[in-house]
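Engineer: Enclosed is the structure file final17.csv (CSV, N, CA and C atoms).
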chain,number,residue,atom,x,y,z
B,1,MET,N,216.2,-5.3,-66.9
B,1,MET,CA,217.1,-6.5,-67.0
B,1,MET,C,216.3,-7.6,-67.7
B,2,ARG,N,217.1,-8.4,-68.5
B,2,ARG,CA,216.5,-9.5,-69.2
B,2,ARG,C,217.1,-10.8,-68.7
B,3,VAL,N,216.4,-11.9,-68.9
B,3,VAL,CA,216.8,-13.2,-68.5
B,3,VAL,C,217.6,-13.9,-69.6
B,4,TYR,N,218.8,-14.5,-69.2
B,4,TYR,CA,219.6,-15.1,-70.1
B,4,TYR,C,220.0,-16.5,-69.6
B,5,GLU,N,220.4,-17.4,-70.5
B,5,GLU,CA,221.0,-18.7,-70.2
B,5,GLU,C,222.4,-18.8,-70.8
B,6,LEU,N,223.3,-19.2,-70.0
B,6,LEU,CA,224.7,-19.4,-70.5
B,6,LEU,C,225.1,-20.8,-70.4
B,7,MET,N,225.5,-21.4,-71.5
B,7,MET,CA,226.0,-22.8,-71.5
B,7,MET,C,227.5,-22.7,-71.8
B,8,THR,N,228.3,-23.3,-70.9
B,8,THR,CA,229.7,-23.4,-71.1
B,8,THR,C,230.2,-24.8,-71.2
B,9,ILE,N,231.3,-25.0,-72.0
B,9,ILE,CA,232.0,-26.3,-72.0
B,9,ILE,C,233.4,-26.0,-71.6
B,10,HIS,N,233.8,-26.6,-70.5
B,10,HIS,CA,235.2,-26.4,-70.0
B,10,HIS,C,236.1,-27.6,-70.4
B,11,ARG,N,237.4,-27.4,-70.5
B,11,ARG,CA,238.3,-28.4,-70.9
B,11,ARG,C,238.2,-29.7,-70.1
B,12,PRO,N,238.4,-30.9,-70.8
B,12,PRO,CA,238.3,-32.2,-70.1
B,12,PRO,C,239.5,-32.5,-69.2
B,13,GLU,N,240.6,-31.7,-69.3
B,13,GLU,CA,241.8,-32.0,-68.5
B,13,GLU,C,241.6,-31.5,-67.1
B,14,LEU,N,240.6,-30.6,-66.9
B,14,LEU,CA,240.3,-30.1,-65.6
B,14,LEU,C,239.8,-31.2,-64.6
B,15,VAL,N,240.2,-31.1,-63.4
B,15,VAL,CA,239.5,-31.9,-62.4
B,15,VAL,C,238.1,-31.3,-62.1
B,16,GLU,N,237.2,-32.2,-61.7
B,16,GLU,CA,235.8,-31.7,-61.6
B,16,GLU,C,235.7,-30.6,-60.6
B,17,GLU,N,236.5,-30.6,-59.6
B,17,GLU,CA,236.5,-29.4,-58.6
B,17,GLU,C,236.9,-28.1,-59.3
B,18,ASP,N,237.9,-28.2,-60.2
B,18,ASP,CA,238.4,-27.0,-60.9
B,18,ASP,C,237.3,-26.5,-61.9
B,19,ALA,N,236.6,-27.4,-62.5
B,19,ALA,CA,235.5,-27.0,-63.4
B,19,ALA,C,234.4,-26.3,-62.6
B,20,LYS,N,234.1,-26.8,-61.4
B,20,LYS,CA,233.1,-26.2,-60.5
B,20,LYS,C,233.5,-24.8,-60.1
B,21,ALA,N,234.8,-24.7,-59.8
B,21,ALA,CA,235.4,-23.4,-59.4
B,21,ALA,C,235.3,-22.4,-60.5
B,22,ALA,N,235.5,-22.9,-61.7
B,22,ALA,CA,235.5,-22.0,-62.9
B,22,ALA,C,234.0,-21.5,-63.1
B,23,VAL,N,233.1,-22.3,-62.9
B,23,VAL,CA,231.7,-21.9,-63.0
B,23,VAL,C,231.3,-20.9,-61.9
B,24,ALA,N,231.8,-21.2,-60.7
B,24,ALA,CA,231.6,-20.3,-59.5
B,24,ALA,C,232.2,-18.9,-59.8
B,25,GLU,N,233.4,-18.9,-60.5
B,25,GLU,CA,234.1,-17.7,-60.9
B,25,GLU,C,233.2,-16.9,-61.9
B,26,ILE,N,232.6,-17.6,-62.8
B,26,ILE,CA,231.7,-16.9,-63.7
B,26,ILE,C,230.5,-16.3,-63.0
B,27,ALA,N,229.9,-17.1,-62.1
B,27,ALA,CA,228.8,-16.6,-61.3
B,27,ALA,C,229.2,-15.3,-60.4
B,28,SER,N,230.4,-15.4,-59.9
B,28,SER,CA,230.8,-14.2,-59.1
B,28,SER,C,231.1,-13.0,-60.0
B,29,PHE,N,231.6,-13.2,-61.2
B,29,PHE,CA,231.8,-12.1,-62.1
B,29,PHE,C,230.5,-11.5,-62.4
B,30,LEU,N,229.4,-12.3,-62.7
B,30,LEU,CA,228.1,-11.7,-63.0
B,30,LEU,C,227.6,-11.0,-61.8
B,31,GLY,N,227.8,-11.5,-60.6
B,31,GLY,CA,227.3,-10.8,-59.4
B,31,GLY,C,228.0,-9.5,-59.2
B,32,GLU,N,229.3,-9.4,-59.5
B,32,GLU,CA,230.0,-8.2,-59.3
B,32,GLU,C,229.5,-7.1,-60.3
B,33,LYS,N,229.0,-7.5,-61.5
B,33,LYS,CA,228.5,-6.6,-62.5
B,33,LYS,C,227.0,-6.3,-62.3
B,34,GLY,N,226.4,-6.7,-61.2
B,34,GLY,CA,225.0,-6.4,-60.9
B,34,GLY,C,224.0,-7.4,-61.5
B,35,ALA,N,224.5,-8.5,-62.0
B,35,ALA,CA,223.5,-9.5,-62.5
B,35,ALA,C,223.0,-10.3,-61.4
B,36,ASP,N,221.8,-10.9,-61.6
B,36,ASP,CA,221.2,-11.8,-60.6
B,36,ASP,C,221.3,-13.2,-61.1
B,37,VAL,N,222.2,-14.1,-60.5
B,37,VAL,CA,222.3,-15.5,-60.9
B,37,VAL,C,221.2,-16.3,-60.3
B,38,LYS,N,220.3,-16.8,-61.1
B,38,LYS,CA,219.1,-17.6,-60.6
B,38,LYS,C,219.4,-19.0,-60.3
B,39,THR,N,220.0,-19.7,-61.3
B,39,THR,CA,220.3,-21.1,-61.1
B,39,THR,C,221.7,-21.4,-61.7
B,40,THR,N,222.3,-22.4,-61.2
B,40,THR,CA,223.6,-23.0,-61.7
B,40,THR,C,223.4,-24.5,-61.8
B,41,ASP,N,223.6,-25.0,-63.0
B,41,ASP,CA,223.4,-26.5,-63.2
B,41,ASP,C,224.6,-27.0,-63.8
B,42,LEU,N,225.3,-27.9,-63.0
B,42,LEU,CA,226.5,-28.6,-63.5
B,42,LEU,C,226.2,-29.9,-64.0
B,43,TRP,N,226.5,-30.1,-65.3
B,43,TRP,CA,226.1,-31.4,-65.9
B,43,TRP,C,227.2,-32.4,-65.8
B,44,GLY,N,228.4,-32.0,-65.5
B,44,GLY,CA,229.6,-32.9,-65.4
B,44,GLY,C,230.2,-33.2,-66.8
B,45,LYS,N,231.0,-34.2,-66.8
B,45,LYS,CA,231.8,-34.5,-68.1
B,45,LYS,C,230.9,-35.3,-69.0
B,46,ARG,N,230.8,-34.8,-70.3
B,46,ARG,CA,230.0,-35.4,-71.3
B,46,ARG,C,230.8,-35.6,-72.6
B,47,ARG,N,230.4,-36.6,-73.4
B,47,ARG,CA,231.1,-36.8,-74.7
B,47,ARG,C,230.4,-35.8,-75.7
B,48,PHE,N,231.2,-35.3,-76.6
B,48,PHE,CA,230.7,-34.5,-77.7
B,48,PHE,C,230.1,-35.3,-78.8
B,49,ALA,N,229.2,-34.7,-79.6
B,49,ALA,CA,228.7,-35.4,-80.7
B,49,ALA,C,229.7,-35.4,-81.8
B,50,TYR,N,230.6,-34.4,-81.8
B,50,TYR,CA,231.7,-34.4,-82.8
B,50,TYR,C,232.9,-33.8,-82.1
B,51,GLU,N,234.1,-34.0,-82.7
B,51,GLU,CA,235.3,-33.6,-82.1
B,51,GLU,C,235.5,-32.0,-82.2
B,52,ILE,N,235.9,-31.4,-81.2
B,52,ILE,CA,236.2,-30.0,-81.1
B,52,ILE,C,237.6,-29.8,-80.7
B,53,ASP,N,238.4,-29.2,-81.6
B,53,ASP,CA,239.8,-28.9,-81.3
B,53,ASP,C,240.6,-30.1,-80.8
B,54,HIS,N,240.3,-31.3,-81.4
B,54,HIS,CA,241.0,-32.6,-81.1
B,54,HIS,C,240.6,-33.1,-79.7
B,55,MET,N,239.4,-32.6,-79.2
B,55,MET,CA,238.9,-33.1,-77.9
B,55,MET,C,237.5,-33.8,-78.1
B,56,ASN,N,237.2,-34.8,-77.3
B,56,ASN,CA,236.0,-35.6,-77.5
B,56,ASN,C,235.0,-35.4,-76.3
B,57,GLU,N,235.4,-34.7,-75.2
B,57,GLU,CA,234.6,-34.5,-74.1
B,57,GLU,C,234.9,-33.2,-73.4
B,58,GLY,N,234.0,-32.8,-72.5
B,58,GLY,CA,234.2,-31.6,-71.7
B,58,GLY,C,233.2,-31.5,-70.6
B,59,PHE,N,233.4,-30.6,-69.7
B,59,PHE,CA,232.5,-30.3,-68.5
B,59,PHE,C,231.5,-29.3,-68.9
B,60,TYR,N,230.2,-29.7,-68.9
B,60,TYR,CA,229.1,-28.8,-69.3
B,60,TYR,C,228.5,-28.1,-68.0
B,61,SER,N,228.1,-26.9,-68.2
B,61,SER,CA,227.4,-26.2,-67.2
B,61,SER,C,226.4,-25.2,-67.8
B,62,VAL,N,225.3,-25.0,-67.1
B,62,VAL,CA,224.3,-24.0,-67.5
B,62,VAL,C,224.0,-23.1,-66.4
B,63,LEU,N,224.1,-21.7,-66.7
B,63,LEU,CA,223.7,-20.7,-65.7
B,63,LEU,C,222.5,-19.9,-66.2
B,64,THR,N,221.6,-19.6,-65.4
B,64,THR,CA,220.4,-18.8,-65.7
B,64,THR,C,220.6,-17.5,-64.9
B,65,PHE,N,220.5,-16.4,-65.5
B,65,PHE,CA,220.7,-15.1,-64.8
B,65,PHE,C,220.0,-14.0,-65.5
B,66,SER,N,219.8,-12.9,-64.7
B,66,SER,CA,219.2,-11.7,-65.2
B,66,SER,C,220.3,-10.6,-65.3
B,67,ALA,N,220.4,-9.9,-66.4
B,67,ALA,CA,221.4,-8.9,-66.5
B,67,ALA,C,221.1,-7.9,-67.6
B,68,GLU,N,221.8,-6.8,-67.6
B,68,GLU,CA,221.8,-5.8,-68.7
B,68,GLU,C,222.6,-6.3,-69.9
B,69,ALA,N,222.3,-5.8,-71.1
B,69,ALA,CA,223.0,-6.2,-72.3
B,69,ALA,C,224.5,-6.0,-72.2
B,70,ASP,N,225.0,-4.9,-71.6
B,70,ASP,CA,226.4,-4.6,-71.6
B,70,ASP,C,227.2,-5.6,-70.7
B,71,VAL,N,226.5,-6.2,-69.7
B,71,VAL,CA,227.1,-7.2,-68.9
B,71,VAL,C,227.3,-8.5,-69.7
B,72,VAL,N,226.3,-8.8,-70.5
B,72,VAL,CA,226.4,-10.0,-71.4
B,72,VAL,C,227.6,-9.8,-72.4
B,73,ASP,N,227.7,-8.6,-72.9
B,73,ASP,CA,228.9,-8.4,-73.8
B,73,ASP,C,230.2,-8.6,-73.1
B,74,GLU,N,230.3,-8.1,-71.9
B,74,GLU,CA,231.6,-8.3,-71.1
B,74,GLU,C,231.8,-9.8,-70.8
B,75,LEU,N,230.7,-10.5,-70.5
B,75,LEU,CA,230.8,-11.9,-70.2
B,75,LEU,C,231.3,-12.7,-71.4
B,76,ASP,N,230.7,-12.3,-72.5
B,76,ASP,CA,231.1,-13.0,-73.8
B,76,ASP,C,232.5,-12.8,-74.1
B,77,ARG,N,233.0,-11.6,-73.9
B,77,ARG,CA,234.4,-11.3,-74.2
B,77,ARG,C,235.3,-12.1,-73.2
B,78,MET,N,235.0,-12.1,-71.9
B,78,MET,CA,235.8,-12.8,-70.9
B,78,MET,C,235.9,-14.3,-71.3
B,79,LEU,N,234.7,-14.9,-71.6
B,79,LEU,CA,234.7,-16.3,-71.9
B,79,LEU,C,235.5,-16.6,-73.2
B,80,SER,N,235.4,-15.7,-74.2
B,80,SER,CA,236.2,-15.9,-75.4
B,80,SER,C,237.7,-15.9,-75.2
B,81,LEU,N,238.1,-15.2,-74.2
B,81,LEU,CA,239.6,-15.1,-73.9
B,81,LEU,C,240.1,-16.2,-73.0
B,82,SER,N,239.1,-16.9,-72.3
B,82,SER,CA,239.5,-17.9,-71.3
B,82,SER,C,240.1,-19.1,-72.0
B,83,ASP,N,241.2,-19.6,-71.4
B,83,ASP,CA,241.8,-20.9,-71.9
B,83,ASP,C,241.0,-22.1,-71.5
B,84,GLN,N,240.3,-22.0,-70.4
B,84,GLN,CA,239.6,-23.1,-69.8
B,84,GLN,C,238.3,-23.4,-70.5
B,85,VAL,N,237.7,-22.4,-71.2
B,85,VAL,CA,236.4,-22.6,-71.9
B,85,VAL,C,236.6,-23.0,-73.4
B,86,ILE,N,236.1,-24.1,-73.7
B,86,ILE,CA,236.2,-24.6,-75.1
B,86,ILE,C,235.1,-23.9,-76.0
B,87,ARG,N,233.9,-23.9,-75.5
B,87,ARG,CA,232.7,-23.2,-76.2
B,87,ARG,C,231.8,-22.6,-75.1
B,88,HIS,N,231.1,-21.6,-75.5
B,88,HIS,CA,230.1,-21.0,-74.7
B,88,HIS,C,229.0,-20.4,-75.6
B,89,LYS,N,227.8,-20.3,-75.1
B,89,LYS,CA,226.7,-19.7,-75.8
B,89,LYS,C,225.8,-19.1,-74.8
B,90,VAL,N,225.4,-17.8,-75.1
B,90,VAL,CA,224.4,-17.1,-74.3
B,90,VAL,C,223.2,-16.9,-75.1
B,91,VAL,N,222.0,-17.3,-74.6
B,91,VAL,CA,220.7,-17.2,-75.3
B,91,VAL,C,219.7,-16.5,-74.3
B,92,ARG,N,218.7,-16.0,-74.9
B,92,ARG,CA,217.5,-15.5,-74.2
B,92,ARG,C,216.4,-16.5,-74.3
B,93,PRO,N,216.1,-17.3,-73.3
B,93,PRO,CA,215.1,-18.3,-73.4
B,93,PRO,C,213.7,-17.7,-73.8
B,94,GLY,N,213.0,-18.3,-74.7
B,94,GLY,CA,211.7,-17.9,-75.1
B,94,GLY,C,211.7,-16.7,-76.1
B,95,ALA,N,212.9,-16.2,-76.5
B,95,ALA,CA,212.9,-15.1,-77.4
B,95,ALA,C,213.2,-15.6,-78.8
Show how you would write the structure in this file as C-alpha cells.
Structural biologist:
Amino acid sequence: MRVYELMTIHRPELVEEDAKAAVAEIASFLGEKGADVKTTDLWGKRRFAYEIDHMNEGFYSVLTFSAEADVVDELDRMLSLSDQVIRHKVVRPGA
C-alpha cells in the first residue's frame, strides 16, 4: 500500500456541517475499500485564486491515507461523478 493525499473542494452552497459530512463519507468509502485514513484536515471555506464554474469560493479538505492503486482509481471516479465536489486531486507526497 502507498501513501496518498487527497484534496477536495466542495460547493460553497453547502452548510459547513454538510461539507464535513461529505468528507466523512469519503473517509468511510476509503475504509470500506481497505484503505487506512491517517489524517483528515478541514480547511473550511476559502476564496479561489480564480473563478471556477462561476464560483469564487468553496470548502477545502485534505485527507492522507494508505491504499492500493485500484482503490484510488475508484475514489477518483466517485469524486468525478459527485455533484458536491468542484475539484479534487490525488497525489503521492514525496514522489
Engineer: Can you tell me, as a list in words, what residues are no more than 8 Å from range 41-58 of chain B when counting only N, CA and C atoms, ignoring any on the same chain fewer than 4 positions away?
Structural biologist: Thr8, Ile9, His10, Arg11, Pro12, Glu13, Glu16, Lys20, Val62, Leu63, Thr64 and Ile86 of chain B
Engineer: Quick one: distance from atom C of Val23 in chain B to atom N of Val37 in chain B in Å, one decimal?
Structural biologist: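 Atom-to-atom, atom C of Val23 in chain B to atom N of Val37 in chain B, that is 11.4 Å.
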Engineer: From the list B:Ala19, B:Leu79, B:Met1, B:Ala27, which residue is nearest Ser66 in chain B when using only N, CA and C atoms?
Structural biologist: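 Under the stated criterion, the closest residue is B:Met1.
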Engineer: List every residue of range 2-95 of chain B that DSSP, applied to the backbone of this structure, places in strand (DSSP E or B), and write the result as number ranges by chain.
Structural biologist: B: 2-10, 36-52, 55-67, 85-91
Engineer: Return as number ranges by chain the full set of residues in range 14-84 of chain B whose backbone-based DSSP assignment is helix (DSSP H, G or I).
Structural biologist: B: 16-32, 69-81
Engineer: May I ask for the distance between CA of Ala24 in chain B and CA of Ser61 in chain B, given in Å to one decimal place?
Structural biologist: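 Atom-to-atom, CA of Ala24 in chain B to CA of Ser61 in chain B, that is 10.6 Å.
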Engineer: Which residues, protein or nucleic acid, reach to within 7 Å of (226.6, -4.3, -64.7) in the file's coordinates when using only C-alpha atoms, and can you give that as an mmCIF file with N, CA and C atoms, in the coordinates of the input?
Structural biologist:
data_model
loop_
_atom_site.group_PDB
_atom_site.id
_atom_site.type_symbol
_atom_site.label_atom_id
_atom_site.label_comp_id
_atom_site.auth_asym_id
_atom_site.auth_seq_id
_atom_site.Cartn_x
_atom_site.Cartn_y
_atom_site.Cartn_z
ATOM 1 N N LYS B 33 229.000 -7.500 -61.500
ATOM 2 C CA LYS B 33 228.500 -6.600 -62.500
ATOM 3 C C LYS B 33 227.000 -6.300 -62.300
ATOM 4 N N GLY B 34 226.400 -6.700 -61.200
ATOM 5 C CA GLY B 34 225.000 -6.400 -60.900
ATOM 6 C C GLY B 34 224.000 -7.400 -61.500
ATOM 7 N N ALA B 35 224.500 -8.500 -62.000
ATOM 8 C CA ALA B 35 223.500 -9.500 -62.500
ATOM 9 C C ALA B 35 223.000 -10.300 -61.400
ATOM 10 N N GLU B 68 221.800 -6.800 -67.600
ATOM 11 C CA GLU B 68 221.800 -5.800 -68.700
ATOM 12 C C GLU B 68 222.600 -6.300 -69.900
ATOM 13 N N ASP B 70 225.000 -4.900 -71.600
ATOM 14 C CA ASP B 70 226.400 -4.600 -71.600
ATOM 15 C C ASP B 70 227.200 -5.600 -70.700
ATOM 16 N N VAL B 71 226.500 -6.200 -69.700
ATOM 17 C CA VAL B 71 227.100 -7.200 -68.900
ATOM 18 C C VAL B 71 227.300 -8.500 -69.700
#
Engineer: Have a look at B:Lys89, B:Asp36, B:Ser80, B:Phe59 and name the one nearest to Val3 in chain B; count only C-alpha atoms.
Structural biologist: B:Asp36
Engineer: Counting only C-alpha atoms, which of B:Arg2, B:His88, B:Arg77, B:Lys38 gets nearest to Phe65 in chain B?
Structural biologist: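 Of all the options, B:Lys38 lies closest to Phe65 in chain B.
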Engineer: Of the residues B:Arg87, B:Thr40, B:Asp73, B:Gly94, which is the one nearest to Ser28 in chain B, using only C-alpha atoms?
Structural biologist: B:Thr40
